[in-house]
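Structure record follows, encoded as structure tokens.
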Amino acid sequence: MHINYELFLALVTLAIASLVSTLVLLHKLSRNKVKLQDISDALDDIAQGNISRKLLAKPGDPFAFLCYRINEITDSFRTQSTEFKRTEEANKQLMTSLSHDVRTPLTTLIGYLDAIQKGMVKGREREEYTETARLRAHDLKDYVDLLFEWFKLNSNDQIYTLQQVELAELTRNMLKDWIPLFEVHALDFHIDIPDERIEVELDSDAYLRILNNLLQNVLSHSQATQVSILLHKDEQSAVLTICDNGVGIDARDLPRIFERLYKSDKARSGKGSGLGLAIVQQLLTGIGGRITAASTPHEQTVFTVYFPIQ
Amino acid sequence: MNDLIIQTKQLTKIYGEQKSVSNLNLHVRKGRIYGLLGRNGAGKTTTMKMLLGLTKPTEGEISIFGSDIQGAEGKIYPRIGNLIETPGFYPNLTGSENLKILARLRGVPHQNAVKRALEVVGLPYNDKKLLAQYSLGMKQRLGIANAIMHDPELLILDEPINGLDPIGIAEVREFIKRLSVEQGKTILISSHILSEIALLADDIGIIDHGVLLEESSLEMLEKKNSRYVHFIVSSAGQAARILELDFHTSHFHIDDDYSLRLHDTNIDVAAITRKFIESGIDVSEAHTQNDTLEDYFKRVTGGEGIA
């Protein structure tokens with residue numbers, strides 16, 4: 001009897017133990033089932049095109065590695081897709097403002113030509129009208145050229161030829177062409193380029209366009225009376241600084257001036273395509289440089305361009 | 001519509017006698033930054049709390065990711081990141097330790113999610129600084145790191161720039177923008193500072209005394225609220241020529257053959273109209289639009305304005 005009792009106790013203990021472990025196992029299984037259902041739901045969502053959907057897993061969870069791996073894959077798709085959407089959005093925006101930016105000068109130009117054609121002006125005035133119309137036509141062509149350049153840069157067709165150049169001499173040569181223009185615009189200029197050699201690896205065509213666009217920006221929009229162009233070298237980069245005392249850029253506009261087509265309120269209605277600085281930005285991305293802007297309106301506006309020294 | 005991430009219908013919250021939020025119909029579109037603008041106490045935080053299930057609406061419906069939140073909380077909330085008031089962090093642990101605990105609780109999408117989130121907000125990973133020694137700005141950044149750690153599709157951020165210095169504000173603005181542009185996240189953000197919202201948001205909702213006064217894209221609002229004189233004339237081209245030659249301005253836009261907007265509002269409109277008519281141009285409309293965005297907000301909020 002005594003033995004039987006012990007046997008009975010052992011059996012009961014065994015039964016309880018196996019019941020508990022079965023319950024634990026069942027619980028685990030059902031938890032896994034829930035987790036698998038969650039994963040499956042999320043995958044359905046992803047399959048429907050929601051590539052931002054993420055699978056969440058606690059570190060150490062048996063499914064964690066699977067979730068993390070799937071997330072990595074959707075992540076790379078998301079990057080591609082947002083890039084694509086961004087380009088699409090930019091192009092849409094470009095088309096809208098394009099029609100605007102072409103329509104205004106073109107309609108104005110037609111206004112002059114119509115006046116001539118209808119005989120509203122005679123003699124010298126007529127000649128002046130013709131000249132105005134001609135200049136407008138040239139402005140429009142310049143705008144279209146710029147637009148084409150921007151499109152080319154933006155479609156990644158641009159190939160950069162990086163080669164070792166000496167920036168000090170290159171910059172001096174490029175600025176030679178600008179000095180007569182500064183004089184015509186009654187712009188006091190100050191150029192400070194060191195005698196030392198600044199060896200940089202870059203695409204000199206891209207550099208020329210960056211410099212030209214920045215200086216053109218000063219001439220067209222700043223109404224400045226002074227401009228300084230400085231070049232120096234620090235440990236990591238060659239630094240080009242262009243500084244003027246013109247109307248400047250409002251703090252509100254400053255973060256956005258390198259966006260394509262962004263124009264500050266002052267420039268919005270006047271001339272200017274909103275493309276010059278966007279092109280600078282694009283070129284710098286292409287050759288691995290960067291640009292910053294700072295401005296105290298009517299005191300000092302500074303564009304600083306950094307070219308890495310390899 | 002399919003691309004609405006958040007939609008509320010007649011959302012209302014009454015605290016006792018006080019109607020804190022009244023019949024709100026919000027529409028937050030996918031991939032956009034939606035700025036909820038209103039003064040302190042306008043009902044922004046209450047609205048966000050209702051969206052997040054932190055407080056129960058008195059009336060109305062909320063749908064997020066296209067499904068009613070009631071009964072689907074467990075499926076919806078893991079896909080949202082939020083910063084609402086100060087999150088409860090442990091003061092005697094470091095920032096990284098705090099996030100690691102939350103990662104273990106909620107699950108994360110990557111092995112090194114904590115490190116990545118800290119990088120985005122510019123806080124060091126695994127440093128020794130305890131939360132008790134954090135400045136208000138650092139706590140705010142950690143709060144944002146916590147909100148983005150699980151890479152959610154939707155972010156709900158209540159006054160995320162509170163307590164930050166000007167440089168911090170610019171940085172936070174920058175990475176919020178990046179999250180939207182690079183990762184296509186939908187972001188609902190509240191603020192009482194107009195200029196902040198104007199720099200960041202794609203869409204704006206203005207809330208005042210619990211009522212949504214306006215919901216529109218920033219682009220539309222800016223277009224509606226800039227200073228210009230709108231002319232409808234028989235020939236925009238001829239009008240343009242006269243503006244250039246007689247009034248020496250090129251600050252105008254031509255919308256079509258008959259419609260021209262002059263942005264130079266310092267010129268006497270009567271003198272322009274007179275000159276147009278003298279030159280054989282019919283003027284059927286000359287209308288001055290003189291509101292700035294600030295004026296507009298003052299007007300819709302009943303004159304008191306927003307910072």
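Letters for chains follow the order of the structure tokens (A, B, ...), residue numbers begin at 1 for each chain, and ligand numbers begin at 1 in the order shown.
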
Using only C-alpha atoms, find each residue in chain A having at least one atom no more than 8 Å away from chain B; report its shortest atom-to-atom pair and that distance in Å (one decimal), rows by chain then rising number, as CSV.
```
residue,atom,partner,partner_atom,distance
A:Ser52,CA,B:Glu153,CA,5.9
A:Arg53,CA,B:Glu153,CA,6.5
A:Lys54,CA,B:Pro109,CA,6.2
A:Leu55,CA,B:Pro109,CA,5.8
A:Leu56,CA,B:Val108,CA,4.7
A:Ala57,CA,B:Gly107,CA,4.2
A:Lys58,CA,B:Gly107,CA,3.9
A:Pro59,CA,B:Arg104,CA,6.4
A:Cys67,CA,B:Pro109,CA,7.0
A:Tyr68,CA,B:His110,CA,5.1
A:Asn71,CA,B:Pro109,CA,6.4
A:Glu72,CA,B:His110,CA,7.9
A:Arg78,CA,B:Gln183,CA,6.7
A:Thr79,CA,B:Gln183,CA,6.7
A:Thr82,CA,B:Glu182,CA,6.1
A:Glu83,CA,B:Glu182,CA,7.2
A:Arg86,CA,B:Val181,CA,7.6
A:His100,CA,B:Asp255,CA,7.1
A:Arg103,CA,B:Ile254,CA,6.6
A:Thr104,CA,B:Ile254,CA,4.9
A:Thr107,CA,B:Gly237,CA,4.9
A:Thr108,CA,B:Gly237,CA,4.7
A:Leu109,CA,B:Gly237,CA,7.4
A:Ile110,CA,B:Gly237,CA,6.3
A:Gly111,CA,B:Gly237,CA,4.1
A:Tyr112,CA,B:Arg241,CA,6.4
A:Ala115,CA,B:Gln238,CA,7.6
A:Arg252,CA,B:Leu199,CA,7.2
A:Ser269,CA,B:His251,CA,4.6
A:Gly270,CA,B:His251,CA,4.7
A:Lys271,CA,B:Ser250,CA,7.6
```

At a cut-off of 8 Å, using only C-alpha atoms, what residues contact A:Thr292? Leave out same-chain residues fewer than 5 positions from it and give the result as number ranges by chain. A: 303-305

Leaving out A:Glu199 and any residue of its chain fewer than 3 positions from it, which residues lie within 9 Å of it when counting only C-alpha atoms, given as a VMD selection string? chain A and resid 164 to 168 238 309 to 310

What's the 10 Å shell around stretch 55-72 of chain B, counting only C-alpha atoms, without same-chain residues fewer than 3 positions away, as a PyMOL selection string? chain B and resi 1-15+19+21-26+28+30+46-52+75-77+79-80+153-154

Export, as a CSV table (one decimal), in the first residue's frame, the selected residues with C-alpha atoms.
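Okay, result_1.csv is ready:
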```csv
chain,number,residue,atom,x,y,z
B,1,MET,CA,-9.7,58.4,-50.8
B,2,ASN,CA,-7.0,55.8,-50.5
B,3,ASP,CA,-4.0,58.0,-49.7
B,4,LEU,CA,-5.4,59.4,-46.5
B,5,ILE,CA,-3.3,58.1,-43.6
B,6,ILE,CA,-5.4,59.9,-40.9
B,7,GLN,CA,-9.0,60.8,-41.3
B,8,THR,CA,-11.3,62.0,-38.5
B,9,LYS,CA,-15.0,62.6,-38.8
B,10,GLN,CA,-16.7,65.0,-36.4
B,11,LEU,CA,-14.1,64.2,-33.8
B,12,THR,CA,-15.1,65.8,-30.5
B,13,LYS,CA,-13.8,65.9,-26.9
B,14,ILE,CA,-15.6,67.4,-24.1
B,15,TYR,CA,-14.0,67.8,-20.7
B,19,LYS,CA,-15.6,71.6,-25.5
B,21,VAL,CA,-12.1,69.7,-29.6
B,22,SER,CA,-15.2,70.2,-31.7
B,23,ASN,CA,-16.3,68.3,-34.8
B,24,LEU,CA,-12.9,68.0,-36.2
B,25,ASN,CA,-12.5,66.7,-39.8
B,26,LEU,CA,-8.8,66.1,-40.3
B,28,VAL,CA,-3.6,63.8,-43.4
B,30,LYS,CA,0.3,60.0,-47.3
B,46,THR,CA,-6.0,66.7,-27.2
B,47,THR,CA,-6.5,65.9,-30.8
B,48,MET,CA,-3.2,64.1,-31.0
B,49,LYS,CA,-4.0,62.2,-27.8
B,50,MET,CA,-7.2,61.0,-29.3
B,51,LEU,CA,-5.5,59.9,-32.4
B,52,LEU,CA,-3.1,57.9,-30.3
B,75,LYS,CA,-2.3,46.5,-35.4
B,76,ILE,CA,-2.2,50.3,-35.9
B,77,TYR,CA,-0.2,51.7,-33.0
B,79,ARG,CA,3.1,51.6,-37.0
B,80,ILE,CA,3.0,55.0,-35.5
B,153,GLU,CA,5.1,55.0,-41.3
B,154,LEU,CA,3.4,57.8,-39.4
```

Rounded to one decimal place, report the atom CA of A:Gly246-atom CA of A:Asn213 distance in Å. 16.4 Å

Please identify the alpha helix (DSSP H) residues within stretch 35-280 of chain A (assignment by DSSP from backbone atoms) and present them as a VMD selection string. chain A and resid 35 to 47 64 to 117 123 to 154 167 to 176 179 to 184 204 to 217 265 to 268 276 to 280
